[in-house]
Amino acid sequence: MISFKLNNEKKSWSGDPDIKLLEYLRLDQGLTAVKDGCSGQGTCGACTVEINGKAKLACLIKMKTLQNAEVFTPEGFPDYVLDTIAKAFVNKGGVQCGFCNPGFISRTKVLLQNNPSPTIEEIRQAIKPHLCRCTGYKKIEDSIVYAANAIRQKERLEITKTSGRVGVSHPKYQGYETAIGKRKFVDDLFFDGMLFAALKFSDHPKAKILKIDITEAEKLHGVHRVFTAKDIPGETKVGLILQDWSVMIDEGETTHYIGDVLAGVVADSEKIAREAVNYIKVEYEILNPVTDVFAAIDGERVHPERPNNFDTTSFTIGDADNTIAKSKYTSKGSYETQRVEHGFLEKEAAIARPDGRGGLELFSQSQGVYEDRRQVAMILGLPEEMVRVTLVPNGGGFGGKEDLSVQGQCSLFAFLLNKPVKLTLTREESIRLHPKRHPVFMDIELGSDENGKLTALKLRAVGDTGAYASVGMKVMERVAGHAAGGYFIPEIDIEAKTVYTNNIPSGAMRGFGANQVCFALESCIDDICYQAGFDRWKFRYDNALVDGLRTSTGQKVFGVGIRASLEAVKEDFYKAKYVGLACAIKNSGVGNGMIDESKVIIKIISEDKVILHHGWTEMGQGVHNMALQTLCEETGIAPEIIDVVVDTESQIKTGMTTSSRATALVGLAVINAAKSLKKDLEYFTLKELSGKSYKGQFVCDWTTKPGSGLEDPVIHYSYGYAAQLCILNEKGEIEKMVAAHDGGKIMNPMLFEGQVQGGVHMGLGYALCEDLPMKDGFLVSDKMKDLQILRAHQTPEIVVKPVEVKDPVGPYGAKGIGEIGLVPTAAAVANAFYCFDRVKRMRLPLKRKK
């Protein structure tokens, strides 16, 4: 018997002495503020608790070590301490997705009771065990300083009150509940009678499945059922664009990558389900995988029904070859970018349960609940209206939660068993399963005349989209469409190929192709400047897009903020000795001939409650704030009485939360819905309007694909613009990043700055160290620590300079900023390194001499 105190209550444990404290806290005690982000690897810090006055990782602590120990989780912290630290995080913007916050708060509590006045360096050292993928740590550091000052002075903090209108730093929606761990994520939810599932993945990237023997797994006590592809009542393949992704691979079929699901077990506990998975025996005919993207172009097909090079985007303007040949200065090279894992802190999880009417309810962390509904309905063979999907705001997405991950299998199991089922991946499974950032190979040529004017661009790009299409062709469209960056280049010859291999799929990830090609383009621009002796800042300014000029796709753009962004960094550029500069452009909206649309419903419940329904996913970027603040701006309704809800029961079909489009689309839809409400509020009170609903929408259906041949094509309804500097010290180390970003209209200055800082941090990891290498179709490592995500003490100063050049379409002139924060970062870093040591680097991550 192990005796200890937990949150000031006496506890005893007579179970498995080797069980981890994290499992005990979450499953036995129902204390879910502590999170599981790394599956016991001791890497993420999300499970931090206080044990005997020290901060410890609960995922590493065995129960047998707790004899006579005193354990505290955030639920047991003194009210004043928890309240003060949490409110400091909310007021200073230290809460984005919020999954990591309870762990940081635990660390902060222990730090401040031992060191009431920590320096910024002491704070960074203290939070070294923690990862945050959203904030770039800067606002977390600010939050800890603010909390320390308040606690020292015994000040009682209150959450900042605002009008909620556009342009003010209104605190993150549900930020306080999220920070203290009260707001639940999917894996924090438990229902009566709930069962637990686990999946059997393929052992080989390419193999024919000869037999799946589930007999021994079925015999294990506590197992309710083992499922295979034969149990699927509807479609066996799904997909966001192409219907090519197998829900499960059946006997007689061939696997496409190591993340393919062969079977699933549902049992009384996750432990039993996982044990049963180990009893599933699979006979394979092992085949040679296609893993080299260039060999795959004309090689053996990954999917027999279509060629591996299943999509190519190409377009030309003028005669680029001839013009480059005649240009005074040229830069030519082959550039390569790596596969990258999203590293969101919340692993994939889903809960499905029968709705009592023959249908299903799914609790999802997805970036598109209506896409979940469509695909789950396909799998189950049900009409869409019989599948209800409720969004549980997620713990980070960055594009990695667009495709179905476990929602399909979880829904299948719950539907066939007629019982609630939870399915949660381990971190290793998560890395194995979901799509990554595309490795892209680019041959590029760029020309300039003797006066420093760009003349022509030629690009040949190949993207490894892995085993399934996902949104790979759209990513490579962005590579093509953003090839000229923020510059006017009169003659263009672009080709971008999307290619299947037996590697892990590649799909959406923050930047979505723009960052890959930016690295190549901006390196070439610096090369030309060094060749000719051109001023690097002035060269970019002189060639920058301005209103009325055309992008590489031939689209005329307006509301262009490249020059304003360059002006914002000009002083810092000329003051620095070793400095890299890069500019960026990033589309908002899917565009390319596809429809961008958003619908909202505003329901007046009472004088004290208004519900705002929309279809976009809150994943830390602040889309709920954007919706709420637009409603406040339009109507003057107080923000504290507005609830924001995303649920397919509202029947306001919305696409994926992707392409930096949610702010503009939800904002414009709210403005549309608020027109009638504003008129009614001139004559009636909210109490008198109780029971009324107001619907609004915005639809962009006027875009075209690149290369359509139209005289004035519109590829995207809007673009964002940026310029970034990477400044090195005398040792060649990164000292500071300066990021000027054109947000059109800064809807919320605090959230805007946090988004850019988080983007720059992710961009620095992309530039310097992050990689997810594969060999022969297998991961070299599936451990979170080997992702090499930068920690607080490794992250330099990030100075954000807001720029506002109004967009013609966006609400109040606002532009999307969710992705562009990282688009120019790697290019700026590469150019800074070249400025320092004159070594040209053409492959990410960048390598430095020790």
# chains A, B, ... in the order shown; residues from 1 in each chain; ligands from 1

call {"tool": "residues_around", "arguments": {"residues": "Arg661 (chain A)", "least_positions_apart": "2", "cutoff": "10 Å", "atoms": "only C-alpha atoms", "output": "short mmCIF file (atom, residue, chain, number, x, y, z; two decimals) with all heavy atoms, in the first residue's frame"}}
result
data_model
loop_
_atom_site.label_atom_id
_atom_site.label_comp_id
_atom_site.auth_asym_id
_atom_site.auth_seq_id
_atom_site.Cartn_x
_atom_site.Cartn_y
_atom_site.Cartn_z
N ASN A 587 -1.33 33.70 -49.63
CA ASN A 587 -2.75 33.82 -49.95
C ASN A 587 -3.63 33.64 -48.74
O ASN A 587 -3.29 32.98 -47.77
CB ASN A 587 -3.14 32.76 -50.99
CG ASN A 587 -3.04 31.35 -50.40
OD1 ASN A 587 -1.95 30.85 -50.14
ND2 ASN A 587 -4.18 30.71 -50.16
N SER A 588 -4.81 34.22 -48.81
CA SER A 588 -5.91 33.87 -47.91
C SER A 588 -6.97 33.19 -48.76
O SER A 588 -7.29 33.65 -49.85
CB SER A 588 -6.50 35.12 -47.25
OG SER A 588 -5.60 35.68 -46.33
N GLY A 589 -7.52 32.12 -48.24
CA GLY A 589 -8.56 31.41 -48.96
C GLY A 589 -8.00 30.29 -49.82
O GLY A 589 -6.87 30.34 -50.27
N VAL A 590 -8.84 29.30 -50.05
CA VAL A 590 -8.45 28.18 -50.90
C VAL A 590 -8.30 28.64 -52.34
O VAL A 590 -7.32 28.35 -53.01
CB VAL A 590 -9.49 27.03 -50.79
CG1 VAL A 590 -9.17 25.94 -51.78
CG2 VAL A 590 -9.50 26.47 -49.38
N ASP A 596 -14.77 29.65 -51.54
CA ASP A 596 -14.55 29.98 -50.13
C ASP A 596 -15.85 30.55 -49.59
O ASP A 596 -16.36 31.54 -50.13
CB ASP A 596 -13.44 31.02 -49.98
CG ASP A 596 -12.06 30.48 -50.29
OD1 ASP A 596 -11.52 29.76 -49.45
OD2 ASP A 596 -11.53 30.80 -51.37
N GLU A 597 -16.38 29.93 -48.54
CA GLU A 597 -17.64 30.44 -48.01
C GLU A 597 -17.71 30.26 -46.51
O GLU A 597 -17.03 29.42 -45.92
CB GLU A 597 -18.83 29.74 -48.67
CG GLU A 597 -18.94 28.26 -48.39
CD GLU A 597 -20.17 27.63 -49.03
OE1 GLU A 597 -21.21 28.32 -49.12
OE2 GLU A 597 -20.09 26.45 -49.44
N SER A 598 -18.55 31.08 -45.90
CA SER A 598 -18.76 31.00 -44.46
C SER A 598 -20.19 31.41 -44.16
O SER A 598 -20.74 32.32 -44.79
CB SER A 598 -17.79 31.92 -43.72
OG SER A 598 -17.98 31.85 -42.33
N TRP A 616 -16.01 27.29 -38.08
CA TRP A 616 -14.54 27.26 -38.12
C TRP A 616 -13.97 26.67 -36.84
O TRP A 616 -14.56 26.79 -35.78
CB TRP A 616 -13.99 28.66 -38.37
CG TRP A 616 -14.55 29.26 -39.62
CD1 TRP A 616 -15.59 30.14 -39.73
CD2 TRP A 616 -14.13 28.98 -40.96
NE1 TRP A 616 -15.84 30.43 -41.05
CE2 TRP A 616 -14.96 29.74 -41.83
CE3 TRP A 616 -13.15 28.17 -41.51
CZ2 TRP A 616 -14.83 29.70 -43.21
CZ3 TRP A 616 -13.01 28.13 -42.88
CH2 TRP A 616 -13.84 28.89 -43.72
N VAL A 623 -9.85 32.31 -33.82
CA VAL A 623 -10.99 32.56 -34.70
C VAL A 623 -12.27 32.87 -33.91
O VAL A 623 -13.10 33.66 -34.36
CB VAL A 623 -11.21 31.38 -35.67
CG1 VAL A 623 -11.67 30.12 -34.96
CG2 VAL A 623 -12.20 31.75 -36.77
N MET A 656 -12.69 23.50 -44.54
CA MET A 656 -11.59 23.33 -43.60
C MET A 656 -11.09 24.67 -43.09
O MET A 656 -11.08 25.67 -43.81
CB MET A 656 -10.42 22.61 -44.27
CG MET A 656 -10.75 21.25 -44.84
SD MET A 656 -11.41 20.10 -43.62
CE MET A 656 -10.11 20.08 -42.40
N THR A 657 -10.68 24.69 -41.83
CA THR A 657 -10.03 25.88 -41.26
C THR A 657 -8.58 25.83 -41.72
O THR A 657 -7.71 25.22 -41.11
CB THR A 657 -10.14 25.88 -39.74
OG1 THR A 657 -11.52 25.75 -39.39
CG2 THR A 657 -9.59 27.18 -39.16
N THR A 658 -8.34 26.50 -42.84
CA THR A 658 -7.05 26.40 -43.53
C THR A 658 -6.85 27.65 -44.37
O THR A 658 -7.74 28.48 -44.50
CB THR A 658 -7.02 25.14 -44.42
OG1 THR A 658 -5.72 24.96 -44.96
CG2 THR A 658 -8.01 25.22 -45.55
N SER A 659 -5.66 27.81 -44.90
CA SER A 659 -5.36 28.87 -45.87
C SER A 659 -5.57 30.27 -45.32
O SER A 659 -5.91 31.18 -46.08
CB SER A 659 -6.19 28.68 -47.15
OG SER A 659 -5.93 27.43 -47.74
N THR A 663 -10.48 34.28 -40.46
CA THR A 663 -10.76 35.63 -39.98
C THR A 663 -11.60 36.40 -40.97
O THR A 663 -12.63 36.99 -40.62
CB THR A 663 -9.45 36.39 -39.71
OG1 THR A 663 -8.81 35.82 -38.56
CG2 THR A 663 -9.72 37.86 -39.43
N ALA A 664 -11.18 36.39 -42.23
CA ALA A 664 -11.91 37.15 -43.25
C ALA A 664 -13.30 36.58 -43.48
O ALA A 664 -14.30 37.32 -43.50
CB ALA A 664 -11.12 37.16 -44.56
N LEU A 665 -13.40 35.28 -43.63
CA LEU A 665 -14.68 34.69 -44.00
C LEU A 665 -15.69 34.75 -42.87
O LEU A 665 -16.86 35.08 -43.08
CB LEU A 665 -14.48 33.25 -44.48
CG LEU A 665 -13.61 33.08 -45.73
CD1 LEU A 665 -13.57 31.62 -46.16
CD2 LEU A 665 -14.10 33.95 -46.87
N VAL A 666 -15.27 34.43 -41.65
CA VAL A 666 -16.22 34.50 -40.54
C VAL A 666 -16.57 35.95 -40.24
O VAL A 666 -17.72 36.28 -39.93
CB VAL A 666 -15.70 33.78 -39.28
CG1 VAL A 666 -14.65 34.60 -38.53
CG2 VAL A 666 -16.84 33.44 -38.34
N GLY A 667 -15.59 36.84 -40.36
CA GLY A 667 -15.86 38.26 -40.11
C GLY A 667 -16.88 38.81 -41.08
O GLY A 667 -17.84 39.51 -40.70
N TYR A 717 -8.77 35.63 -53.29
CA TYR A 717 -9.45 36.90 -53.02
C TYR A 717 -8.59 37.87 -52.22
O TYR A 717 -8.84 39.06 -52.18
CB TYR A 717 -10.79 36.66 -52.31
CG TYR A 717 -10.67 36.13 -50.89
CD1 TYR A 717 -10.36 36.95 -49.82
CD2 TYR A 717 -10.89 34.78 -50.63
CE1 TYR A 717 -10.25 36.46 -48.54
CE2 TYR A 717 -10.79 34.27 -49.35
CZ TYR A 717 -10.47 35.12 -48.30
OH TYR A 717 -10.36 34.62 -47.02
N SER A 718 -7.52 37.36 -51.60
CA SER A 718 -6.72 38.22 -50.74
C SER A 718 -5.34 37.62 -50.53
O SER A 718 -5.14 36.40 -50.68
CB SER A 718 -7.41 38.41 -49.39
OG SER A 718 -6.60 39.16 -48.50
N TYR A 719 -4.39 38.49 -50.17
CA TYR A 719 -3.03 38.06 -49.81
C TYR A 719 -2.57 38.85 -48.57
O TYR A 719 -2.98 39.99 -48.35
CB TYR A 719 -2.03 38.33 -50.94
CG TYR A 719 -2.24 37.48 -52.17
CD1 TYR A 719 -3.07 37.90 -53.20
CD2 TYR A 719 -1.59 36.26 -52.32
CE1 TYR A 719 -3.26 37.12 -54.34
CE2 TYR A 719 -1.78 35.47 -53.46
CZ TYR A 719 -2.61 35.91 -54.45
OH TYR A 719 -2.79 35.15 -55.58
N GLY A 810 -11.29 41.88 -47.16
CA GLY A 810 -11.38 41.46 -45.76
C GLY A 810 -12.18 42.41 -44.90
O GLY A 810 -12.29 43.61 -45.19
N LYS A 815 -6.47 41.09 -43.14
CA LYS A 815 -5.86 40.02 -43.93
C LYS A 815 -5.52 38.85 -43.02
O LYS A 815 -5.32 39.03 -41.81
CB LYS A 815 -4.58 40.53 -44.61
CG LYS A 815 -4.80 41.70 -45.56
CD LYS A 815 -3.50 42.33 -46.01
CE LYS A 815 -3.76 43.51 -46.94
NZ LYS A 815 -2.53 44.26 -47.27
N GLY A 816 -5.41 37.67 -43.60
CA GLY A 816 -5.03 36.50 -42.82
C GLY A 816 -3.58 36.57 -42.37
O GLY A 816 -2.71 36.97 -43.14
N ILE A 817 -3.32 36.16 -41.12
CA ILE A 817 -1.94 36.21 -40.61
C ILE A 817 -1.53 34.89 -39.94
O ILE A 817 -0.44 34.79 -39.39
CB ILE A 817 -1.72 37.39 -39.64
CG1 ILE A 817 -2.76 37.41 -38.51
CG2 ILE A 817 -1.74 38.71 -40.39
CD1 ILE A 817 -2.33 36.75 -37.26
N GLY A 818 -2.39 33.88 -40.00
CA GLY A 818 -2.10 32.64 -39.29
C GLY A 818 -0.89 31.90 -39.80
O GLY A 818 -0.19 31.23 -39.04
N GLU A 819 -0.62 31.98 -41.10
CA GLU A 819 0.46 31.20 -41.70
C GLU A 819 1.69 32.02 -42.06
O GLU A 819 2.82 31.52 -41.99
CB GLU A 819 -0.06 30.52 -42.97
CG GLU A 819 -1.13 29.49 -42.72
CD GLU A 819 -1.60 28.86 -44.01
OE1 GLU A 819 -1.01 27.85 -44.41
OE2 GLU A 819 -2.54 29.39 -44.63
#

call {"tool": "residues_around", "arguments": {"residues": "region 325-334 of chain A", "least_positions_apart": "2", "cutoff": "8 Å", "atoms": "only C-alpha atoms", "output": "number ranges by chain"}}
result
A: 321-323, 336, 441-450, 455, 524-525, 527-528, 531-532, 842

call {"tool": "closest_atom_pairs", "arguments": {"of": "region 262-351 of chain A", "to": "region 424-436 of chain A", "cutoff": "6 Å", "atoms": "only C-alpha atoms", "output": "tab-separated table"}}
result
residue	atom	partner	partner_atom	distance
A:Val340	CA	A:Lys436	CA	5.7
A:Glu341	CA	A:Lys436	CA	5.3
A:Glu348	CA	A:Leu425	CA	5.6
A:Ala349	CA	A:Thr424	CA	4.2

call {"tool": "residues_around", "arguments": {"residues": "Lys603 (chain A)", "least_positions_apart": "3", "cutoff": "10 Å", "atoms": "only C-alpha atoms", "output": "list in words"}}
result
Val600, Ser606, Lys609, Val610, Ile611, Leu612, His613, Ile642, Asp643, Leu689, Ser690, Gly691, Lys692, Ser693, Tyr694 and Lys695 of chain A

call {"tool": "write_last_selection", "arguments": {"atoms": "all heavy atoms", "output": "short mmCIF file (atom, residue, chain, number, x, y, z; two decimals), in the first residue's frame"}}
result
data_model
loop_
_atom_site.label_atom_id
_atom_site.label_comp_id
_atom_site.auth_asym_id
_atom_site.auth_seq_id
_atom_site.Cartn_x
_atom_site.Cartn_y
_atom_site.Cartn_z
N VAL A 600 -22.96 32.01 -40.71
CA VAL A 600 -23.09 32.16 -39.26
C VAL A 600 -24.56 32.30 -38.90
O VAL A 600 -25.39 32.69 -39.73
CB VAL A 600 -22.30 33.37 -38.71
CG1 VAL A 600 -20.83 33.28 -39.05
CG2 VAL A 600 -22.89 34.68 -39.22
N SER A 606 -31.42 35.56 -24.54
CA SER A 606 -32.00 36.43 -23.52
C SER A 606 -31.20 37.73 -23.50
O SER A 606 -30.28 37.91 -24.31
CB SER A 606 -31.94 35.75 -22.15
OG SER A 606 -30.59 35.65 -21.71
N LYS A 609 -27.64 36.57 -22.80
CA LYS A 609 -26.97 35.50 -23.53
C LYS A 609 -27.28 35.57 -25.02
O LYS A 609 -28.43 35.57 -25.43
CB LYS A 609 -27.38 34.12 -22.98
CG LYS A 609 -26.60 32.95 -23.61
CD LYS A 609 -26.91 31.64 -22.93
CE LYS A 609 -26.08 30.49 -23.49
NZ LYS A 609 -26.36 29.20 -22.84
N VAL A 610 -26.18 35.60 -25.80
CA VAL A 610 -26.26 35.55 -27.26
C VAL A 610 -25.34 34.43 -27.72
O VAL A 610 -24.20 34.35 -27.27
CB VAL A 610 -25.83 36.89 -27.89
CG1 VAL A 610 -25.78 36.79 -29.41
CG2 VAL A 610 -26.76 38.01 -27.46
N ILE A 611 -25.85 33.56 -28.59
CA ILE A 611 -25.01 32.48 -29.11
C ILE A 611 -24.65 32.78 -30.55
O ILE A 611 -25.53 33.07 -31.37
CB ILE A 611 -25.72 31.11 -29.02
CG1 ILE A 611 -26.02 30.76 -27.56
CG2 ILE A 611 -24.85 30.02 -29.64
CD1 ILE A 611 -26.75 29.44 -27.39
N LEU A 612 -23.37 32.71 -30.84
CA LEU A 612 -22.86 32.93 -32.19
C LEU A 612 -22.38 31.59 -32.74
O LEU A 612 -21.39 31.02 -32.26
CB LEU A 612 -21.72 33.95 -32.17
CG LEU A 612 -20.97 34.21 -33.48
CD1 LEU A 612 -21.91 34.59 -34.60
CD2 LEU A 612 -19.92 35.30 -33.27
N HIS A 613 -23.09 31.06 -33.72
CA HIS A 613 -22.73 29.79 -34.35
C HIS A 613 -21.91 30.06 -35.61
O HIS A 613 -22.31 30.88 -36.45
CB HIS A 613 -23.98 29.01 -34.75
CG HIS A 613 -24.79 28.51 -33.60
ND1 HIS A 613 -24.59 27.27 -33.03
CD2 HIS A 613 -25.81 29.07 -32.92
CE1 HIS A 613 -25.45 27.09 -32.05
NE2 HIS A 613 -26.22 28.17 -31.96
N ILE A 642 -21.62 36.75 -24.92
CA ILE A 642 -21.61 36.01 -26.18
C ILE A 642 -20.94 34.66 -25.99
O ILE A 642 -19.82 34.57 -25.50
CB ILE A 642 -20.87 36.81 -27.28
CG1 ILE A 642 -21.56 38.16 -27.52
CG2 ILE A 642 -20.82 36.00 -28.58
CD1 ILE A 642 -20.79 39.08 -28.45
N ASP A 643 -21.65 33.60 -26.37
CA ASP A 643 -21.07 32.25 -26.43
C ASP A 643 -20.84 31.90 -27.90
O ASP A 643 -21.70 32.16 -28.75
CB ASP A 643 -22.01 31.22 -25.81
CG ASP A 643 -22.06 31.30 -24.29
OD1 ASP A 643 -21.18 31.94 -23.71
OD2 ASP A 643 -22.99 30.72 -23.71
N LEU A 689 -35.85 40.86 -28.12
CA LEU A 689 -35.50 40.08 -29.31
C LEU A 689 -35.25 38.61 -28.99
O LEU A 689 -34.88 37.84 -29.88
CB LEU A 689 -34.25 40.67 -29.97
CG LEU A 689 -34.41 42.08 -30.58
CD1 LEU A 689 -33.06 42.60 -31.07
CD2 LEU A 689 -35.42 42.06 -31.73
N SER A 690 -35.43 38.24 -27.74
CA SER A 690 -35.16 36.86 -27.32
C SER A 690 -35.94 35.88 -28.20
O SER A 690 -37.13 36.06 -28.46
CB SER A 690 -35.55 36.66 -25.86
OG SER A 690 -34.74 37.44 -25.02
N GLY A 691 -35.21 34.85 -28.64
CA GLY A 691 -35.81 33.84 -29.50
C GLY A 691 -35.57 34.07 -30.98
O GLY A 691 -35.80 33.16 -31.79
N LYS A 692 -35.09 35.24 -31.34
CA LYS A 692 -34.84 35.53 -32.76
C LYS A 692 -33.46 35.04 -33.18
O LYS A 692 -32.52 34.99 -32.38
CB LYS A 692 -34.95 37.04 -33.03
CG LYS A 692 -36.37 37.58 -33.02
CD LYS A 692 -36.47 38.88 -33.83
CE LYS A 692 -36.29 38.64 -35.32
NZ LYS A 692 -36.54 39.86 -36.13
N SER A 693 -33.35 34.70 -34.45
CA SER A 693 -32.08 34.29 -35.03
C SER A 693 -31.79 35.13 -36.26
O SER A 693 -32.71 35.54 -36.98
CB SER A 693 -32.10 32.81 -35.43
OG SER A 693 -32.20 31.98 -34.30
N TYR A 694 -30.51 35.37 -36.49
CA TYR A 694 -30.07 36.17 -37.64
C TYR A 694 -29.00 35.38 -38.38
O TYR A 694 -27.99 34.98 -37.80
CB TYR A 694 -29.51 37.51 -37.17
CG TYR A 694 -30.52 38.35 -36.42
CD1 TYR A 694 -30.72 38.16 -35.05
CD2 TYR A 694 -31.29 39.31 -37.06
CE1 TYR A 694 -31.66 38.90 -34.34
CE2 TYR A 694 -32.23 40.07 -36.37
CZ TYR A 694 -32.41 39.86 -35.02
OH TYR A 694 -33.35 40.59 -34.33
N LYS A 695 -29.22 35.16 -39.66
CA LYS A 695 -28.30 34.38 -40.47
C LYS A 695 -27.51 35.28 -41.41
O LYS A 695 -28.04 36.29 -41.90
CB LYS A 695 -29.04 33.32 -41.28
CG LYS A 695 -29.74 32.27 -40.42
CD LYS A 695 -30.43 31.21 -41.28
CE LYS A 695 -31.08 30.15 -40.40
NZ LYS A 695 -31.75 29.10 -41.22
#

call {"tool": "residues_around", "arguments": {"residues": "Lys474 (chain A)", "least_positions_apart": "2", "cutoff": "10 Å", "atoms": "only C-alpha atoms", "output": "ChimeraX atom specification"}}
result
/A:241,311,313,469-472,476-480,498,507-508,512-513,590-592

call {"tool": "select_by_dssp", "arguments": {"residues": "region 559-673 of chain A", "states": "alpha helix (DSSP H)", "output": "ChimeraX atom specification"}}
result
/A:562-575,623-635,662-673

call {"tool": "select_by_dssp", "arguments": {"residues": "region 311-357 of chain A", "states": "strand (DSSP E or B)", "output": "MDAnalysis selection string"}}
result
chainID A and resid 311:317 329:337 340 349:354

call {"tool": "residues_around", "arguments": {"residues": "Pro490 (chain A)", "least_positions_apart": "5", "cutoff": "10 Å", "atoms": "only C-alpha atoms", "output": "compact mmCIF listing (two decimals) with N, CA and C atoms, in the first residue's frame"}}
result
# COMPACT_ATOMS: atom_id res chain seq x y z
N ILE A 317 4.22 33.01 -68.56
CA ILE A 317 3.97 34.38 -69.04
C ILE A 317 5.24 34.80 -69.78
N GLY A 318 5.13 35.04 -71.08
CA GLY A 318 6.29 35.43 -71.86
C GLY A 318 7.22 34.26 -72.15
N ASP A 319 8.49 34.59 -72.37
CA ASP A 319 9.51 33.59 -72.71
C ASP A 319 10.63 33.68 -71.69
N ALA A 320 10.47 32.96 -70.59
CA ALA A 320 11.41 33.08 -69.47
C ALA A 320 12.81 32.61 -69.85
N THR A 323 14.60 35.23 -71.92
CA THR A 323 14.87 36.44 -71.14
C THR A 323 15.97 36.20 -70.11
N LYS A 453 16.46 45.38 -61.88
CA LYS A 453 15.06 45.02 -62.06
C LYS A 453 14.97 43.54 -62.44
N LEU A 454 14.12 42.80 -61.74
CA LEU A 454 13.93 41.39 -62.05
C LEU A 454 13.30 41.23 -63.44
N THR A 455 13.79 40.24 -64.18
CA THR A 455 13.35 40.07 -65.56
C THR A 455 12.54 38.81 -65.80
N ALA A 456 12.94 37.70 -65.19
CA ALA A 456 12.26 36.44 -65.47
C ALA A 456 12.56 35.42 -64.39
N LEU A 457 11.66 34.45 -64.27
CA LEU A 457 11.77 33.38 -63.28
C LEU A 457 11.36 32.07 -63.93
N ALA A 484 7.01 33.72 -57.30
CA ALA A 484 7.60 35.06 -57.46
C ALA A 484 7.54 35.87 -56.18
N LEU A 549 0.01 45.73 -60.00
CA LEU A 549 0.95 44.80 -60.63
C LEU A 549 0.47 43.36 -60.44
N ARG A 550 1.13 42.44 -61.15
CA ARG A 550 0.66 41.05 -61.19
C ARG A 550 1.61 40.12 -60.43
N THR A 551 1.01 39.10 -59.82
CA THR A 551 1.79 38.03 -59.21
C THR A 551 2.27 37.09 -60.31
N SER A 552 2.96 36.02 -59.89
CA SER A 552 3.45 35.05 -60.87
C SER A 552 2.33 34.35 -61.62
N GLY A 554 -0.30 35.91 -62.73
CA GLY A 554 -0.95 36.89 -63.59
C GLY A 554 -2.06 37.67 -62.91

call {"tool": "residues_around", "arguments": {"residues": "region 459-466 of chain A", "least_positions_apart": "6", "cutoff": "6 Å", "atoms": "only C-alpha atoms", "output": "PyMOL selection string"}}
result
chain A and resi 293+439-444+472+494-506

call {"tool": "write_last_selection", "arguments": {"atoms": "N, CA and C atoms", "output": "short mmCIF file (atom, residue, chain, number, x, y, z; two decimals), in the first residue's frame"}}
result
data_model
loop_
_atom_site.label_atom_id
_atom_site.label_comp_id
_atom_site.auth_asym_id
_atom_site.auth_seq_id
_atom_site.Cartn_x
_atom_site.Cartn_y
_atom_site.Cartn_z
N VAL A 293 11.17 10.25 -54.63
CA VAL A 293 10.11 10.96 -55.35
C VAL A 293 10.40 11.05 -56.84
N PRO A 439 8.21 17.59 -48.30
CA PRO A 439 9.56 17.79 -48.84
C PRO A 439 9.40 18.26 -50.30
N VAL A 440 10.05 19.36 -50.63
CA VAL A 440 9.92 19.91 -51.99
C VAL A 440 11.32 20.11 -52.58
N PHE A 441 11.47 19.71 -53.83
CA PHE A 441 12.73 19.83 -54.55
C PHE A 441 12.52 20.84 -55.67
N MET A 442 13.34 21.88 -55.69
CA MET A 442 13.12 23.01 -56.58
C MET A 442 14.37 23.36 -57.39
N ASP A 443 14.24 23.34 -58.69
CA ASP A 443 15.25 23.89 -59.60
C ASP A 443 14.75 25.25 -60.03
N ILE A 444 15.52 26.27 -59.73
CA ILE A 444 15.04 27.63 -59.95
C ILE A 444 16.10 28.45 -60.68
N GLY A 472 -2.26 17.58 -51.11
CA GLY A 472 -0.94 17.77 -51.70
C GLY A 472 -0.94 18.59 -52.96
N ILE A 494 6.58 28.24 -64.90
CA ILE A 494 6.42 27.52 -63.63
C ILE A 494 5.84 26.13 -63.89
N GLU A 495 6.41 25.15 -63.19
CA GLU A 495 5.83 23.81 -63.19
C GLU A 495 6.04 23.20 -61.81
N ALA A 496 4.96 22.67 -61.23
CA ALA A 496 5.04 22.04 -59.91
C ALA A 496 4.29 20.72 -59.94
N LYS A 497 5.01 19.63 -59.65
CA LYS A 497 4.45 18.28 -59.71
C LYS A 497 4.14 17.75 -58.32
N THR A 498 3.00 17.07 -58.21
CA THR A 498 2.62 16.39 -56.98
C THR A 498 2.74 14.89 -57.23
N VAL A 499 3.50 14.19 -56.35
CA VAL A 499 3.87 12.81 -56.66
C VAL A 499 3.62 11.90 -55.45
N TYR A 500 2.93 10.78 -55.70
CA TYR A 500 2.75 9.74 -54.69
C TYR A 500 4.07 9.00 -54.46
N THR A 501 4.30 8.62 -53.19
CA THR A 501 5.33 7.63 -52.83
C THR A 501 4.76 6.77 -51.71
N ASN A 502 5.53 5.84 -51.20
CA ASN A 502 5.11 5.04 -50.05
C ASN A 502 5.62 5.62 -48.73
N ASN A 503 5.96 6.90 -48.75
CA ASN A 503 6.31 7.59 -47.51
C ASN A 503 5.05 8.07 -46.80
N ILE A 504 5.22 8.55 -45.57
CA ILE A 504 4.10 9.13 -44.84
C ILE A 504 3.50 10.25 -45.70
N PRO A 505 2.18 10.35 -45.77
CA PRO A 505 1.59 11.41 -46.58
C PRO A 505 2.05 12.80 -46.17
N SER A 506 2.05 13.70 -47.13
CA SER A 506 2.29 15.12 -46.87
C SER A 506 1.02 15.87 -47.23
#
